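Structure file upload07.cif; described as mmCIF, C-alpha atoms.
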```
data_data
loop_
_atom_site.group_PDB
_atom_site.id
_atom_site.type_symbol
_atom_site.label_atom_id
_atom_site.label_comp_id
_atom_site.auth_asym_id
_atom_site.auth_seq_id
_atom_site.Cartn_x
_atom_site.Cartn_y
_atom_site.Cartn_z
ATOM 1 C CA MET T 9 0.000 0.000 0.000
ATOM 2 C CA MET T 10 3.018 2.290 0.177
ATOM 3 C CA GLN T 11 3.385 5.031 -2.412
ATOM 4 C CA THR T 12 6.888 4.951 -3.903
ATOM 5 C CA THR T 13 6.533 7.304 -6.864
ATOM 6 C CA PRO T 14 4.902 10.697 -6.297
ATOM 7 C CA LYS T 15 1.859 11.360 -8.453
ATOM 8 C CA PRO T 16 1.214 14.846 -9.848
ATOM 9 C CA THR T 17 -0.306 17.179 -7.261
ATOM 10 C CA ARG T 18 -3.114 17.930 -9.707
ATOM 11 C CA ASP T 19 -4.455 14.366 -9.310
ATOM 12 C CA GLY T 20 -5.752 15.183 -5.837
ATOM 13 C CA ALA T 21 -7.058 18.594 -6.872
ATOM 14 C CA ALA T 22 -8.745 17.649 -10.150
ATOM 15 C CA VAL T 23 -11.780 16.061 -8.485
ATOM 16 C CA TYR T 24 -13.197 19.425 -7.378
ATOM 17 C CA SER T 25 -15.495 20.205 -10.282
ATOM 18 C CA PRO T 26 -18.422 22.606 -9.752
ATOM 19 C CA PHE T 27 -20.715 19.585 -9.337
ATOM 20 C CA VAL T 28 -18.493 17.977 -6.692
ATOM 21 C CA LEU T 29 -18.200 21.293 -4.854
ATOM 22 C CA SER T 30 -21.998 21.522 -4.726
ATOM 23 C CA LEU T 31 -22.036 18.232 -2.758
ATOM 24 C CA TYR T 32 -18.877 18.764 -0.712
ATOM 25 C CA ASP T 33 -20.379 20.326 2.411
ATOM 26 C CA ILE T 34 -22.988 17.587 2.763
ATOM 27 C CA TRP T 35 -20.786 14.628 1.897
ATOM 28 C CA VAL T 36 -17.414 15.568 3.402
ATOM 29 C CA LEU T 37 -18.196 18.066 6.136
ATOM 30 C CA ALA T 38 -21.484 16.649 7.402
ATOM 31 C CA ILE T 39 -21.381 12.894 6.715
ATOM 32 C CA CYS T 40 -17.710 11.897 6.461
ATOM 33 C CA ASN T 41 -16.358 14.135 9.213
ATOM 34 C CA SER T 42 -19.021 12.937 11.640
ATOM 35 C CA PHE T 43 -19.395 9.245 10.788
ATOM 36 C CA VAL T 44 -16.277 8.206 8.845
ATOM 37 C CA TRP T 45 -13.313 10.277 10.036
ATOM 38 C CA CYS T 46 -15.009 10.992 13.398
ATOM 39 C CA CYS T 47 -13.766 14.563 13.777
ATOM 40 C CA ALA T 48 -16.876 16.746 13.629
ATOM 41 C CA THR T 49 -16.858 19.873 11.487
ATOM 42 C CA THR T 50 -18.840 22.321 13.632
ATOM 43 C CA ASN T 51 -17.858 21.116 17.110
ATOM 44 C CA ILE T 52 -14.159 20.379 16.567
ATOM 45 C CA GLN T 53 -12.683 21.569 13.294
ATOM 46 C CA LEU T 54 -14.377 24.965 12.926
ATOM 47 C CA PRO T 55 -13.416 26.119 16.464
ATOM 48 C CA PHE T 56 -9.874 24.922 15.732
ATOM 49 C CA PHE T 57 -9.840 26.944 12.506
ATOM 50 C CA LYS T 58 -10.997 30.082 14.307
ATOM 51 C CA LYS T 59 -8.622 29.717 17.254
ATOM 52 C CA PHE T 60 -5.379 30.587 15.480
ATOM 53 C CA MET T 61 -6.487 33.073 12.829
ATOM 54 C CA GLY T 62 -4.338 36.182 12.663
ATOM 55 C CA THR T 63 -4.701 39.567 10.970
ATOM 56 C CA ARG T 64 -2.900 38.363 7.830
ATOM 57 C CA HIS T 65 -4.312 34.952 7.020
ATOM 58 C CA LEU T 66 -3.508 32.450 4.273
ATOM 59 C CA ASP T 67 -5.910 29.543 3.697
ATOM 60 C CA ILE T 68 -4.530 26.685 1.577
ATOM 61 C CA GLY T 69 -6.557 23.816 0.118
ATOM 62 C CA LEU T 70 -9.972 25.387 0.123
ATOM 63 C CA GLY T 71 -12.619 22.863 -0.779
ATOM 64 C CA THR T 72 -15.721 25.061 -0.708
ATOM 65 C CA GLY T 73 -14.342 27.617 1.734
ATOM 66 C CA TYR T 74 -16.656 26.458 4.522
ATOM 67 C CA TYR T 75 -14.206 27.247 7.312
ATOM 68 C CA PRO T 76 -13.331 30.861 6.453
ATOM 69 C CA ALA T 77 -16.960 31.499 5.469
ATOM 70 C CA ASN T 78 -18.123 30.439 8.935
ATOM 71 C CA ALA T 79 -15.241 31.754 11.022
ATOM 72 C CA GLU T 80 -16.706 35.220 11.665
ATOM 73 C CA ILE T 81 -13.596 36.843 10.252
ATOM 74 C CA PRO T 82 -13.095 40.501 11.304
ATOM 75 C CA GLU T 83 -13.154 43.089 8.529
ATOM 76 C CA LYS T 84 -9.552 44.061 9.277
ATOM 77 C CA THR T 85 -8.300 40.566 8.457
ATOM 78 C CA GLN T 86 -6.377 40.366 5.194
ATOM 79 C CA MET T 87 -7.451 37.139 3.496
ATOM 80 C CA THR T 88 -5.441 35.215 0.917
ATOM 81 C CA LEU T 89 -6.687 31.982 -0.653
ATOM 82 C CA MET T 90 -4.421 29.429 -2.331
ATOM 83 C CA ASP T 91 -5.408 26.324 -4.265
ATOM 84 C CA LEU T 92 -4.378 24.450 -7.388
ATOM 85 C CA ASN T 93 -7.993 24.138 -8.510
ATOM 86 C CA PRO T 94 -9.549 27.293 -10.040
ATOM 87 C CA ASN T 95 -13.060 26.063 -9.225
ATOM 88 C CA SER T 96 -12.294 26.035 -5.502
ATOM 89 C CA LEU T 97 -10.713 29.473 -5.677
ATOM 90 C CA LYS T 98 -13.725 30.974 -7.454
ATOM 91 C CA TYR T 99 -16.276 29.188 -5.248
ATOM 92 C CA THR T 100 -14.565 30.224 -2.019
ATOM 93 C CA LYS T 101 -14.026 33.859 -2.954
ATOM 94 C CA GLU T 102 -17.674 34.214 -3.965
ATOM 95 C CA ARG T 103 -18.781 32.505 -0.766
ATOM 96 C CA LEU T 104 -16.711 34.863 1.382
ATOM 97 C CA GLY T 105 -18.151 37.913 -0.350
ATOM 98 C CA ARG T 106 -15.021 39.954 0.301
ATOM 99 C CA PRO T 107 -13.844 41.708 -2.895
ATOM 100 C CA ASP T 108 -10.433 42.434 -1.355
ATOM 101 C CA THR T 109 -9.644 38.728 -0.907
ATOM 102 C CA ARG T 110 -6.506 37.734 -2.821
ATOM 103 C CA THR T 111 -6.494 34.421 -4.715
ATOM 104 C CA ILE T 112 -3.443 32.450 -5.798
ATOM 105 C CA GLN T 113 -3.502 29.367 -8.024
ATOM 106 C CA ALA T 114 -0.410 27.335 -7.173
ATOM 107 C CA ASP T 115 1.021 23.898 -6.480
ATOM 108 C CA VAL T 116 2.011 23.946 -2.808
ATOM 109 C CA LEU T 117 4.814 21.426 -3.379
ATOM 110 C CA GLN T 118 6.585 23.839 -5.726
ATOM 111 C CA PRO T 119 8.211 27.210 -4.885
ATOM 112 C CA LEU T 120 5.365 29.433 -3.741
ATOM 113 C CA PRO T 121 4.408 32.698 -5.499
ATOM 114 C CA LEU T 122 3.992 34.567 -2.213
ATOM 115 C CA THR T 123 5.197 37.924 -0.953
ATOM 116 C CA GLY T 124 5.296 39.267 2.576
ATOM 117 C CA VAL T 125 4.487 37.219 5.659
ATOM 118 C CA TYR T 126 1.358 35.795 7.269
ATOM 119 C CA ASP T 127 0.283 35.682 10.892
ATOM 120 C CA SER T 128 -1.580 32.431 10.308
ATOM 121 C CA VAL T 129 -1.728 29.719 7.659
ATOM 122 C CA SER T 130 -4.541 27.157 7.693
ATOM 123 C CA ILE T 131 -4.243 23.838 5.851
ATOM 124 C CA PHE T 132 -7.425 21.836 6.399
ATOM 125 C CA PHE T 133 -7.891 18.456 4.717
ATOM 126 C CA LEU T 134 -5.135 19.049 2.162
ATOM 127 C CA VAL T 135 -2.176 16.915 3.245
ATOM 128 C CA HIS T 136 -3.972 13.608 2.662
ATOM 129 C CA CYS T 137 -4.688 14.718 -0.926
ATOM 130 C CA LEU T 138 -1.054 15.551 -1.734
ATOM 131 C CA PRO T 139 0.966 12.900 -3.584
ATOM 132 C CA GLY T 140 2.978 10.596 -1.312
ATOM 133 C CA PRO T 141 5.251 9.368 0.094
ATOM 134 C CA VAL T 142 5.153 11.463 3.274
ATOM 135 C CA GLU T 143 8.596 12.955 2.606
ATOM 136 C CA ASN T 144 7.339 14.347 -0.686
ATOM 137 C CA LYS T 145 4.271 16.093 0.714
ATOM 138 C CA MET T 146 6.151 17.556 3.686
ATOM 139 C CA ALA T 147 7.801 19.967 1.228
ATOM 140 C CA LEU T 148 4.664 22.039 1.795
ATOM 141 C CA PHE T 149 5.765 22.967 5.308
ATOM 142 C CA THR T 150 9.325 23.690 4.196
ATOM 143 C CA ASN T 151 8.080 25.958 1.412
ATOM 144 C CA LEU T 152 5.933 27.964 3.842
ATOM 145 C CA LYS T 153 8.663 28.775 6.369
ATOM 146 C CA PRO T 154 9.850 32.055 4.803
ATOM 147 C CA TYR T 155 6.303 33.419 4.739
ATOM 148 C CA LEU T 156 5.354 32.873 8.365
ATOM 149 C CA ALA T 157 5.502 35.884 10.677
ATOM 150 C CA GLU T 158 7.701 35.738 13.773
ATOM 151 C CA ASN T 159 4.815 34.771 16.036
ATOM 152 C CA GLY T 160 2.745 33.152 13.310
ATOM 153 C CA LYS T 161 1.238 29.680 13.288
ATOM 154 C CA ILE T 162 0.688 27.032 10.646
ATOM 155 C CA TYR T 163 -2.167 24.730 11.566
ATOM 156 C CA GLY T 164 -4.571 22.277 10.042
ATOM 157 C CA THR T 165 -6.099 18.830 9.835
ATOM 158 C CA THR T 166 -5.578 15.726 7.716
ATOM 159 C CA VAL T 167 -6.996 12.218 7.507
ATOM 160 C CA LEU T 168 -4.481 9.574 8.601
ATOM 161 C CA GLY T 169 -3.984 6.212 6.952
ATOM 162 C CA LYS T 170 -1.514 4.726 9.418
ATOM 163 C CA ASP T 171 -1.796 3.810 13.116
ATOM 164 C CA VAL T 172 -5.527 4.587 13.287
ATOM 165 C CA SER T 173 -8.498 2.199 13.300
ATOM 166 C CA HIS T 174 -10.843 3.050 10.453
ATOM 167 C CA ASN T 175 -14.398 1.740 10.559
ATOM 168 C CA TRP T 176 -15.691 -0.321 7.624
ATOM 169 C CA PHE T 177 -17.012 2.794 5.870
ATOM 170 C CA GLY T 178 -13.628 4.451 6.306
ATOM 171 C CA TRP T 179 -11.730 1.495 4.871
ATOM 172 C CA ILE T 180 -13.950 1.488 1.789
ATOM 173 C CA LEU T 181 -13.379 5.198 1.204
ATOM 174 C CA MET T 182 -9.654 4.896 1.915
ATOM 175 C CA PHE T 183 -9.249 2.154 -0.714
ATOM 176 C CA LEU T 184 -11.453 3.961 -3.212
ATOM 177 C CA TYR T 185 -9.923 7.416 -2.769
ATOM 178 C CA ASN T 186 -6.327 6.176 -2.795
ATOM 179 C CA TRP T 187 -7.013 4.060 -5.864
ATOM 180 C CA GLN T 188 -8.530 7.063 -7.665
ATOM 181 C CA GLY T 189 -5.691 9.377 -6.630
ATOM 182 C CA ILE T 190 -7.957 11.666 -4.614
ATOM 183 C CA PHE T 191 -6.085 10.603 -1.452
ATOM 184 C CA SER T 192 -2.484 9.496 -1.091
ATOM 185 C CA ASN T 193 -2.281 8.787 2.619
ATOM 186 C CA TRP T 194 -1.763 5.096 3.358
ATOM 187 C CA ASP T 195 1.592 5.883 4.997
ATOM 188 C CA ASP T 196 0.540 9.108 6.728
ATOM 189 C CA GLY T 197 0.810 8.640 10.496
ATOM 190 C CA GLU T 198 1.000 11.097 13.360
ATOM 191 C CA LYS T 199 4.624 10.121 14.043
ATOM 192 C CA GLU T 200 5.782 10.707 10.467
ATOM 193 C CA ILE T 201 4.045 14.058 10.085
ATOM 194 C CA ARG T 202 5.096 15.273 13.514
ATOM 195 C CA GLU T 203 8.752 14.382 12.863
ATOM 196 C CA ALA T 204 8.659 16.241 9.552
ATOM 197 C CA LEU T 205 7.114 19.312 11.167
ATOM 198 C CA CYS T 206 9.739 19.254 13.936
ATOM 199 C CA ARG T 207 12.493 19.380 11.322
ATOM 200 C CA ASP T 208 11.116 22.692 10.058
ATOM 201 C CA TYR T 209 9.557 24.235 13.193
ATOM 202 C CA MET T 210 10.737 24.495 16.779
ATOM 203 C CA ASN T 211 7.271 24.413 18.348
ATOM 204 C CA VAL T 212 4.945 21.617 17.182
ATOM 205 C CA GLU T 213 1.740 20.290 18.729
ATOM 206 C CA THR T 214 -0.281 17.360 17.377
ATOM 207 C CA ARG T 215 -3.260 15.319 18.497
ATOM 208 C CA VAL T 216 -5.459 12.710 16.873
ATOM 209 C CA VAL T 217 -9.240 13.005 16.982
ATOM 210 C CA GLY T 218 -10.925 9.991 15.452
ATOM 211 C CA ARG T 219 -8.952 9.334 12.267
ATOM 212 C CA VAL T 220 -7.855 12.948 11.852
ATOM 213 C CA LEU T 221 -4.562 14.548 12.838
ATOM 214 C CA MET T 222 -4.800 18.113 14.131
ATOM 215 C CA PHE T 223 -1.500 20.012 14.091
ATOM 216 C CA VAL T 224 -0.087 23.426 14.997
ATOM 217 C CA ALA T 225 3.475 24.560 14.228
ATOM 218 C CA SER T 226 5.347 27.800 14.870
ATOM 219 C CA GLN T 227 8.862 29.274 15.129
ATOM 220 C CA PRO T 228 10.342 28.093 11.808
ATOM 221 C CA ARG T 229 13.882 26.798 11.698
ATOM 222 C CA LEU T 230 15.325 28.990 8.967
ATOM 223 C CA LEU T 231 18.773 27.382 8.855
#
```
Here is a file; write its structure as structure tokens.
Amino acid sequence: MMQTTPKPTRDGAAVYSPFVLSLYDIWVLAICNSFVWCCATTNIQLPFFKKFMGTRHLDIGLGTGYYPANAEIPEKTQMTLMDLNPNSLKYTKERLGRPDTRTIQADVLQPLPLTGVYDSVSIFFLVHCLPGPVENKMALFTNLKPYLAENGKIYGTTVLGKDVSHNWFGWILMFLYNWQGIFSNWDDGEKEIREALCRDYMNVETRVVGRVLMFVASQPRLL
């Protein structure tokens, strides 16, 4: 089940057509998060999203933009959205209804077209969609280091494939999604992701809720 050759990042992003986005909140955020991955959207993940938001915020891997749209973001917050899929970028910006929101279409595993620094960077349900192995997808956190403010935080969630007990529904989706290239997370465990984060950041916190890893990292190691 191990991934040995990285697939293109676009494989995990291509699924988000306008039709899929119209079903995303019901299928992923309501059904899967509650009954498959067992890390509820409104009670666990949304409060986590809101907790670390800073004045200059970058949200990566948008889906439908549910989290920023429901985070009660202050008007003074400078919002930047980044995704490889133009449908997600368009859908999220329209959902936010903030004309000043900046959008960036980019592959997060490549050098990032960013300027300035951010007080907070959220990465919700993206890592499990990036092409494996784990070492390949961890380039995301390395690439973000120069753009994190001195007291900034990178935080997010991802579905684990290793060292967690999926229910029967979860195993079916794991096999299906990994086979289709939507997921690439058979070898993603808390230990592997935590160790990778600790190589790039001095302060790292992780915890597993259901089958989901929740992580926060700060103080980048720039050398």
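Reported to one decimal place, the separation of CA of Leu70 (chain T) from CA of Tyr32 (chain T) is 11.1 Å.
Distance-wise, CA of Asp196 (chain T) and CA of Tyr74 (chain T) end up 24.5 Å apart.
Residue membership of the PyMOL selection byres ((chain T and resi 195) around 6) in the shown file amounts to Gly169, Lys170, Asn193, Trp194 and Asp196 of chain T.
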Item to check | Explicit residue set for the PyMOL selection byres ((chain T and resi 124) around 10), as a list of chain:residue names | outcome: T:Arg64, T:Leu122, T:Thr123, T:Val125, T:Tyr126, T:Pro154, T:Tyr155, T:Leu156, T:Ala157
Next on the checklist: Neighbouring residues of region 127-136 of chain T were defined as those with any atom within 8 Å, considering only C-alpha atoms; residues of the same chain fewer than 4 positions away were excluded. Please report them as a VMD selection string.
Outcome noted: chain T and resid 57 60 to 70 145 156 to 168 191 to 193 196
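A straight line drawn from CA of Gly105 (chain T) to CA of Gln86 (chain T) is 13.2 Å long.
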Would you write out, as a PDB file with C-alpha atoms, in the frame of the given file, every residue that the PyMOL selection byres ((chain T and resi 104) around 9) captures in this file?
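Printed below is result_11.pdb as written:
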```pdb
ATOM      1  CA  GLY T  73     -14.342  27.617   1.734  1.00  0.00           C
ATOM      2  CA  TYR T  74     -16.656  26.458   4.522  1.00  0.00           C
ATOM      3  CA  PRO T  76     -13.331  30.861   6.453  1.00  0.00           C
ATOM      4  CA  ALA T  77     -16.960  31.499   5.469  1.00  0.00           C
ATOM      5  CA  ASN T  78     -18.123  30.439   8.935  1.00  0.00           C
ATOM      6  CA  TYR T  99     -16.276  29.188  -5.248  1.00  0.00           C
ATOM      7  CA  THR T 100     -14.565  30.224  -2.019  1.00  0.00           C
ATOM      8  CA  LYS T 101     -14.026  33.859  -2.954  1.00  0.00           C
ATOM      9  CA  GLU T 102     -17.674  34.214  -3.965  1.00  0.00           C
ATOM     10  CA  ARG T 103     -18.781  32.505  -0.766  1.00  0.00           C
ATOM     11  CA  GLY T 105     -18.151  37.913  -0.350  1.00  0.00           C
ATOM     12  CA  ARG T 106     -15.021  39.954   0.301  1.00  0.00           C
ATOM     13  CA  PRO T 107     -13.844  41.708  -2.895  1.00  0.00           C
ATOM     14  CA  THR T 109      -9.644  38.728  -0.907  1.00  0.00           C
TER      15      THR T 109
END
```
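The nearest approach to Lys59 (chain T) among the residues T:Asn144, T:Met90, T:Val224, T:Leu120, with all atoms listed in the file taken into account, belongs to T:Val224.
Residues of protein, DNA and RNA with at least one atom no farther than 6 Å from (-3.0, 36.1, -0.6) are, using only C-alpha atoms, Thr88, Leu89, Arg110 and Thr111 of chain T.
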Checklist entry - region 204-211 of chain T: which residues within 6 Å, counting all atoms listed in the file, same-chain residues fewer than 2 positions away excluded, as a list in words? => result Ile201, Arg202, Ala225, Ser226, Gln227, Pro228 and Arg229 of chain T
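Taking all atoms listed in the file into account, Asp115 (chain T) lies nearest to T:Asp91 out of the set T:Leu31, T:Asp91, T:Trp179, T:Cys137.
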Next on the checklist: Which residues are close to Thr50 (chain T), i.e. within 9 Å by only C-alpha atoms, leaving aside same-chain residues fewer than 3 positions away? Reply as a list in words.
Outcome noted: Leu37, Ala38, Gln53, Leu54 and Pro55 of chain T
